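Structure first, then comments.
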Amino acid sequence: MLELLRIRAFAIIEELEVHFAPGFNALTGETGAGKSILVDALHLVLGGRAQADSVRTGAEEAEVQALFRPRDPAACDARLQSLGLPAAGPELVVRRTVQREGRSRAWVNGALATAAQLQAATRGLLDISGQHEHVGLLDAALHLDLLDAHAQLSDLRAEFTLAFAALAEAERARAQLDSDESQRAQRADWLKFQLDEIEKAAPQPGEDERLAQERRVLAAAEKLRAGADETEAALAESQVAKAARRLEEMAAIDPSLQPLARTVRGAAAELDEATRELSRYGARVGGDPERLEDLDERIELLRRISRKHGGTLAAALQHRDRMKAELASLENHDEELARREAEVGRLAVAAGALAQRLSDRRRAAAGAFSKAVAQELSALGMSRSEIAVRFNPAGEGAIQGLGPRGLETAELLLSPNPGEELRPLSRIASGGELSRVLLAVKRVFAESDPVDAYLFDEVDAGIGGATADAVGRALASVGRRRQVICITHLPQIAVFAGKHLTVEKEVLRGRTHSRVLHVDGDDRVRELARLLSGKATDVALEHARELLAAAQIPDSRRRKAG
């Protein structure tokens, strides 16, 4: 849900903070008071286009901040992390600034973000019916997902997704193998050339490290021989043997010294052996220019192979094995292609069976869905509207007629008036009609729609009386499952809100200012009276109280009373 909106130096707003509540929030106010500015500000924090003229006169920069509480924090965090942005946890904070010259910046949870990242990060947090960019239901790609959720096809859909993924991988491998014959020949020649280079070198696992160590020893031969001679001389001058003999003489007098005498005698023997070994090492170690040159050539060859085939010798050997396997596959092309085609066919049959089950369930659910939306539209004053679900072939990305989501895609179509053709929702021109269609669809998709919150603007266009009452009750019904923010001029709608906000405009010291107030009790009655008659007369106040009282009556009791 949207919990908080802060605006500074934006249009006629100098500084403003609006707190929204869960459920149904109504926003009312006189024309020109600034209600549309709040929508523009929300449009901005959702990644909409920044306009330089939105900066308040006299200010250098406008700023909008929004605090969201995602309904599914884990899914939101996963989306943010995929975008390289900090995780939100229970809160997602978005900040957007617009400078006088038109340049804008955005932050998500304190991290600088591009406009594209901002749009992706806030997707699904708020639908704005007056801004087509942020209405999820206008994206036809989502319609099939919503229909599947409405028909409770998640398990079958997940099973098909796995089957299609296996089919897609098998088809990718088959298509690669079944490429143009000349390409295959070129690929085989290239693989042979690469393998010949490696095979001639005949590298062994770990050879580069062993040769590098041998080279280090050869390169330091003179230093090692001098060290051996110096160490041997030092050991030869050791007094340990003399100390051992003296201790043995003392142990003959005092037997308690015998263990110590044995220890020193053993040390003397070990030092004597070390001296002889150093003598042999010094005679053996020595420079070998020819061997050193051979090592340099071999090490450089292994480095070239490593750089060319993976960066390390181990990676190059792994690449060699993969190239061998690919070459064998190319050289046995016909047999391998037949095997892969059979595999694709087998997987296509399995995925196709699941796709057919999905398609049958979808088409059955589409009829029930269209009927349910039509009933909702009738209650919202669009009784002569027609809605349908159009199924299209899977299209792009299809494999043997199967797409990533089955045999088809789906799109919602609407005819608002008799005689008009059914058209996609995105082509409906009337903002009021679009808002009511979205409200009807959201009523039907109350549980499966992934959007956290809805903002309805123009939902009251061209309606009144009983229809307005029905729209208000529908908004309250949606508000029991999602947050709803509705900008309205109709008291018949506003009375159903759990929180009523009003936008006021005033002039101070020659400057226009907007402010948002939470109205309750008598203040709310007076605002409703103003909406009814333009001013709070006694008759209007009484009527406002009656509307509030009627709004508290549950739908079931109203239908029974009727």
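So you can find residues: chains in the structure tokens are A, B, ... in the order shown, residues in each start at 1, and ligands are numbered from 1 in order.
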| task | Give me the residues within 9 Å of Arg320 of chain A as a ChimeraX atom specification, counting only C-alpha atoms and dropping any in the same chain fewer than 2 places off. | result | /A:194-195,198-199,309,315-318,322-325
Just-selected residues, N, CA, C and O atoms written as a PDB file, in the first residue's frame:
```
ATOM      1  N   GLN A 194      41.413 -25.739 -33.702  1.00  0.00           N
ATOM      2  CA  GLN A 194      41.634 -25.403 -32.304  1.00  0.00           C
ATOM      3  C   GLN A 194      42.155 -26.606 -31.521  1.00  0.00           C
ATOM      4  O   GLN A 194      43.075 -26.491 -30.696  1.00  0.00           O
ATOM      5  N   LEU A 195      41.582 -27.769 -31.770  1.00  0.00           N
ATOM      6  CA  LEU A 195      42.000 -28.981 -31.070  1.00  0.00           C
ATOM      7  C   LEU A 195      43.421 -29.382 -31.471  1.00  0.00           C
ATOM      8  O   LEU A 195      44.196 -29.855 -30.630  1.00  0.00           O
ATOM      9  N   ILE A 198      45.913 -27.516 -29.491  1.00  0.00           N
ATOM     10  CA  ILE A 198      46.027 -27.983 -28.105  1.00  0.00           C
ATOM     11  C   ILE A 198      46.684 -29.358 -28.053  1.00  0.00           C
ATOM     12  O   ILE A 198      47.566 -29.621 -27.216  1.00  0.00           O
ATOM     13  N   GLU A 199      46.268 -30.232 -28.950  1.00  0.00           N
ATOM     14  CA  GLU A 199      46.804 -31.603 -28.928  1.00  0.00           C
ATOM     15  C   GLU A 199      48.299 -31.627 -29.218  1.00  0.00           C
ATOM     16  O   GLU A 199      49.043 -32.433 -28.664  1.00  0.00           O
ATOM     17  N   HIS A 309      41.902 -20.150 -24.505  1.00  0.00           N
ATOM     18  CA  HIS A 309      40.842 -21.133 -24.260  1.00  0.00           C
ATOM     19  C   HIS A 309      40.307 -21.110 -22.834  1.00  0.00           C
ATOM     20  O   HIS A 309      39.932 -22.154 -22.289  1.00  0.00           O
ATOM     21  N   ALA A 315      41.011 -24.509 -17.320  1.00  0.00           N
ATOM     22  CA  ALA A 315      39.880 -24.127 -18.162  1.00  0.00           C
ATOM     23  C   ALA A 315      40.120 -24.536 -19.608  1.00  0.00           C
ATOM     24  O   ALA A 315      39.189 -24.965 -20.317  1.00  0.00           O
ATOM     25  N   ALA A 316      41.360 -24.406 -20.083  1.00  0.00           N
ATOM     26  CA  ALA A 316      41.689 -24.788 -21.462  1.00  0.00           C
ATOM     27  C   ALA A 316      41.481 -26.285 -21.677  1.00  0.00           C
ATOM     28  O   ALA A 316      40.990 -26.714 -22.729  1.00  0.00           O
ATOM     29  N   LEU A 317      41.852 -27.088 -20.690  1.00  0.00           N
ATOM     30  CA  LEU A 317      41.657 -28.546 -20.817  1.00  0.00           C
ATOM     31  C   LEU A 317      40.169 -28.893 -20.828  1.00  0.00           C
ATOM     32  O   LEU A 317      39.736 -29.792 -21.562  1.00  0.00           O
ATOM     33  N   GLN A 318      39.374 -28.182 -20.021  1.00  0.00           N
ATOM     34  CA  GLN A 318      37.926 -28.410 -20.039  1.00  0.00           C
ATOM     35  C   GLN A 318      37.342 -28.006 -21.390  1.00  0.00           C
ATOM     36  O   GLN A 318      36.476 -28.700 -21.947  1.00  0.00           O
ATOM     37  N   ARG A 322      35.186 -30.193 -24.246  1.00  0.00           N
ATOM     38  CA  ARG A 322      33.893 -29.793 -24.825  1.00  0.00           C
ATOM     39  C   ARG A 322      33.973 -29.738 -26.347  1.00  0.00           C
ATOM     40  O   ARG A 322      33.034 -30.144 -27.047  1.00  0.00           O
ATOM     41  N   MET A 323      35.078 -29.216 -26.864  1.00  0.00           N
ATOM     42  CA  MET A 323      35.231 -29.152 -28.321  1.00  0.00           C
ATOM     43  C   MET A 323      35.295 -30.548 -28.924  1.00  0.00           C
ATOM     44  O   MET A 323      34.763 -30.788 -30.018  1.00  0.00           O
ATOM     45  N   LYS A 324      35.942 -31.471 -28.228  1.00  0.00           N
ATOM     46  CA  LYS A 324      35.987 -32.857 -28.712  1.00  0.00           C
ATOM     47  C   LYS A 324      34.577 -33.441 -28.814  1.00  0.00           C
ATOM     48  O   LYS A 324      34.234 -34.098 -29.801  1.00  0.00           O
ATOM     49  N   ALA A 325      33.775 -33.181 -27.777  1.00  0.00           N
ATOM     50  CA  ALA A 325      32.408 -33.706 -27.767  1.00  0.00           C
ATOM     51  C   ALA A 325      31.583 -33.079 -28.896  1.00  0.00           C
ATOM     52  O   ALA A 325      30.814 -33.770 -29.587  1.00  0.00           O
TER      53      ALA A 325
END
```
| said: So that I can check the secondary structure, give me every residue of segment 172-288 of chain A assigned alpha helix (DSSP H) by backbone DSSP, as a PyMOL selection string. | reply: chain A and resi 172-177+181-201+207-219+221-236+240-253+258-284
| said: List the spatial neighbours of segment 386-397 of chain A as a PyMOL selection string - criterion: any atom at most 7 Å away, only C-alpha atoms, same-chain residues fewer than 2 positions off excluded. | reply: chain A and resi 366+370+374+384+399+401-403+406-416
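Distances from A:Lys505, A:Arg298, A:Arg123, A:Arg530 to Ala453 of chain A were compared using only C-alpha atoms, and the smallest one belongs to A:Arg123.
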| Residues at most 6 Å from segment 256-272 of chain A, counting only C-alpha atoms, excluding those fewer than 4 positions away in the same chain, as a PyMOL selection string? | chain A and resi 240-241+244+247-248+251
| task | From a DSSP calculation on the backbone, collect every residue of segment 353-443 of chain A in strand (DSSP E) and output the set as a list in words. | result |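 The strand (DSSP E) subset of segment 353-443 of chain A is Glu386, Ile387, Ala388, Val389, Arg390, Phe391, Asn392, Pro393, Glu408, Thr409, Ala410, Glu411, Leu412, Leu413, Leu414, Ser415, Arg423 and Pro424 of chain A.
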| said: Can you tell me which residues surround segment 160-167 of chain A at a distance of at most 9 Å, considering only C-alpha atoms, apart from same-chain residues fewer than 3 positions away, and format the answer as a list of chain:residue names? | reply: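 The contact residues come out as A:Asp155, A:Leu156, A:Arg157, A:Ala170, A:Glu171, A:Arg172, A:Glu343, A:Val344, A:Gly345, A:Arg346, A:Leu347, A:Ala348, A:Ala350, A:Ala351, A:Gly352, A:Leu354, A:Ala355, A:Leu358, A:Ile399, A:Leu402, A:Gly403, A:Pro404, A:Arg405, A:Gly406.
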Contact residues around segment 479-496 of chain A with only C-alpha atoms at 8 Å, ignoring same-chain residues under 4 positions, as a tab-separated table (two decimals) with N, CA, C and O atoms, in the first residue's frame:
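Listed below is the output, result08.tsv:
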```
chain	number	residue	atom	x	y	z
A	1	MET	N	0.84	-1.20	0.00
A	1	MET	CA	0.00	0.00	0.00
A	1	MET	C	0.87	1.25	0.00
A	1	MET	O	2.05	1.20	0.34
A	2	LEU	N	0.26	2.36	-0.45
A	2	LEU	CA	0.93	3.66	-0.38
A	2	LEU	C	0.61	4.26	0.98
A	2	LEU	O	-0.55	4.52	1.29
A	21	ALA	N	-4.41	5.57	4.29
A	21	ALA	CA	-4.74	4.45	5.16
A	21	ALA	C	-5.00	3.20	4.33
A	21	ALA	O	-5.25	3.29	3.12
A	22	PRO	N	-4.96	2.02	4.94
A	22	PRO	CA	-5.40	0.83	4.23
A	22	PRO	C	-6.88	0.96	3.87
A	22	PRO	O	-7.60	1.76	4.46
A	23	GLY	N	-7.33	0.19	2.90
A	23	GLY	CA	-8.73	0.25	2.54
A	23	GLY	C	-9.03	1.38	1.58
A	23	GLY	O	-8.19	1.78	0.77
A	24	PHE	N	-10.24	1.92	1.68
A	24	PHE	CA	-10.75	2.91	0.74
A	24	PHE	C	-10.48	4.32	1.25
A	24	PHE	O	-10.96	4.73	2.30
A	25	ASN	N	-9.68	5.08	0.47
A	25	ASN	CA	-9.39	6.49	0.75
A	25	ASN	C	-10.06	7.35	-0.31
A	25	ASN	O	-9.83	7.14	-1.51
A	26	ALA	N	-10.88	8.32	0.10
A	26	ALA	CA	-11.51	9.25	-0.84
A	26	ALA	C	-10.80	10.59	-0.78
A	26	ALA	O	-10.41	11.05	0.30
A	27	LEU	N	-10.63	11.20	-1.93
A	27	LEU	CA	-9.96	12.50	-2.03
A	27	LEU	C	-10.91	13.45	-2.76
A	27	LEU	O	-11.25	13.23	-3.93
A	28	THR	N	-11.37	14.49	-2.05
A	28	THR	CA	-12.30	15.44	-2.64
A	28	THR	C	-11.72	16.85	-2.55
A	28	THR	O	-10.69	17.07	-1.92
A	29	GLY	N	-12.40	17.79	-3.16
A	29	GLY	CA	-11.95	19.18	-3.13
A	29	GLY	C	-12.48	19.93	-4.32
A	29	GLY	O	-12.92	19.34	-5.33
A	35	LYS	N	-6.02	18.46	-6.74
A	35	LYS	CA	-6.15	17.00	-6.71
A	35	LYS	C	-5.35	16.35	-7.84
A	35	LYS	O	-4.67	15.35	-7.64
A	446	ALA	N	-10.33	-9.74	-7.59
A	446	ALA	CA	-9.97	-9.19	-6.28
A	446	ALA	C	-8.85	-9.96	-5.61
A	446	ALA	O	-7.98	-9.39	-4.95
A	447	GLU	N	-8.83	-11.27	-5.76
A	447	GLU	CA	-7.82	-12.07	-5.06
A	447	GLU	C	-6.57	-12.29	-5.90
A	447	GLU	O	-5.48	-12.43	-5.37
A	452	ASP	N	-0.82	-3.92	-5.73
A	452	ASP	CA	-1.03	-3.65	-4.30
A	452	ASP	C	-2.12	-2.62	-4.04
A	452	ASP	O	-2.88	-2.73	-3.09
A	453	ALA	N	-2.15	-1.55	-4.85
A	453	ALA	CA	-3.07	-0.44	-4.58
A	453	ALA	C	-3.56	0.14	-5.90
A	453	ALA	O	-2.89	0.05	-6.92
A	454	TYR	N	-4.76	0.76	-5.85
A	454	TYR	CA	-5.36	1.36	-7.03
A	454	TYR	C	-5.68	2.82	-6.75
A	454	TYR	O	-6.17	3.17	-5.67
A	455	LEU	N	-5.42	3.67	-7.74
A	455	LEU	CA	-5.87	5.05	-7.67
A	455	LEU	C	-6.84	5.26	-8.84
A	455	LEU	O	-6.47	5.08	-10.00
A	456	PHE	N	-8.09	5.62	-8.51
A	456	PHE	CA	-9.11	5.84	-9.53
A	456	PHE	C	-9.34	7.33	-9.69
A	456	PHE	O	-9.64	8.04	-8.73
A	457	ASP	N	-9.21	7.81	-10.92
A	457	ASP	CA	-9.53	9.19	-11.26
A	457	ASP	C	-10.56	9.14	-12.38
A	457	ASP	O	-10.47	8.27	-13.26
A	458	GLU	N	-11.52	10.02	-12.33
A	458	GLU	CA	-12.58	10.09	-13.34
A	458	GLU	C	-13.56	8.93	-13.26
A	458	GLU	O	-14.35	8.74	-14.19
A	459	VAL	N	-13.52	8.13	-12.20
A	459	VAL	CA	-14.44	7.01	-12.12
A	459	VAL	C	-15.89	7.49	-12.01
A	459	VAL	O	-16.83	6.74	-12.29
A	460	ASP	N	-16.08	8.77	-11.59
A	460	ASP	CA	-17.43	9.29	-11.43
A	460	ASP	C	-17.90	10.09	-12.64
A	460	ASP	O	-18.96	10.72	-12.60
A	464	GLY	N	-24.23	9.39	-11.60
A	464	GLY	CA	-24.80	9.99	-10.40
A	464	GLY	C	-25.86	9.07	-9.84
A	464	GLY	O	-26.09	7.96	-10.33
A	465	GLY	N	-26.53	9.50	-8.77
A	465	GLY	CA	-27.62	8.74	-8.21
A	465	GLY	C	-27.26	7.33	-7.82
A	465	GLY	O	-26.25	7.08	-7.15
A	468	ALA	N	-23.81	6.04	-8.89
A	468	ALA	CA	-22.73	6.53	-8.02
A	468	ALA	C	-22.68	5.73	-6.73
A	468	ALA	O	-21.61	5.40	-6.22
A	469	ASP	N	-23.85	5.42	-6.19
A	469	ASP	CA	-23.91	4.61	-4.98
A	469	ASP	C	-23.28	3.23	-5.23
A	469	ASP	O	-22.52	2.72	-4.40
A	471	VAL	N	-21.05	2.47	-7.51
A	471	VAL	CA	-19.60	2.63	-7.69
A	471	VAL	C	-18.93	2.75	-6.32
A	471	VAL	O	-17.88	2.15	-6.06
A	472	GLY	N	-19.53	3.54	-5.43
A	472	GLY	CA	-18.97	3.70	-4.09
A	472	GLY	C	-18.88	2.39	-3.35
A	472	GLY	O	-17.88	2.08	-2.70
A	473	ARG	N	-19.96	1.60	-3.43
A	473	ARG	CA	-19.95	0.29	-2.76
A	473	ARG	C	-18.93	-0.66	-3.39
A	473	ARG	O	-18.29	-1.45	-2.70
A	475	LEU	N	-16.11	0.26	-4.84
A	475	LEU	CA	-14.79	0.71	-4.38
A	475	LEU	C	-14.54	0.24	-2.94
A	475	LEU	O	-13.43	-0.19	-2.60
A	500	HIS	N	-11.34	9.94	4.63
A	500	HIS	CA	-11.76	10.99	3.70
A	500	HIS	C	-10.76	12.15	3.80
A	500	HIS	O	-10.58	12.75	4.85
A	528	LEU	N	-19.14	16.81	2.73
A	528	LEU	CA	-20.14	16.10	1.93
A	528	LEU	C	-21.28	17.03	1.54
A	528	LEU	O	-21.79	16.97	0.40
A	529	ALA	N	-21.69	17.91	2.47
A	529	ALA	CA	-22.74	18.88	2.16
A	529	ALA	C	-22.29	19.82	1.05
A	529	ALA	O	-23.07	20.20	0.17
A	531	LEU	N	-20.19	19.12	-1.32
A	531	LEU	CA	-20.24	18.36	-2.56
A	531	LEU	C	-21.67	18.24	-3.08
A	531	LEU	O	-21.91	18.21	-4.29
A	532	LEU	N	-22.64	18.18	-2.16
A	532	LEU	CA	-24.05	18.03	-2.54
A	532	LEU	C	-24.63	19.31	-3.13
A	532	LEU	O	-25.32	19.28	-4.15
A	544	ALA	N	-26.33	14.93	3.92
A	544	ALA	CA	-25.01	14.32	4.07
A	544	ALA	C	-25.02	13.28	5.18
A	544	ALA	O	-24.43	12.20	5.05
A	547	LEU	N	-26.68	10.19	3.91
A	547	LEU	CA	-25.79	9.41	3.04
A	547	LEU	C	-24.79	8.60	3.86
A	547	LEU	O	-24.53	7.43	3.56
A	548	LEU	N	-24.22	9.23	4.88
A	548	LEU	CA	-23.26	8.52	5.73
A	548	LEU	C	-23.92	7.34	6.43
A	548	LEU	O	-23.34	6.26	6.54
A	551	ALA	N	-24.54	4.54	3.99
A	551	ALA	CA	-23.31	3.86	3.58
A	551	ALA	C	-22.88	2.79	4.56
A	551	ALA	O	-22.13	1.89	4.21
A	552	GLN	N	-23.37	2.89	5.80
A	552	GLN	CA	-23.00	1.89	6.81
A	552	GLN	C	-23.84	0.63	6.73
A	552	GLN	O	-23.54	-0.37	7.38
```
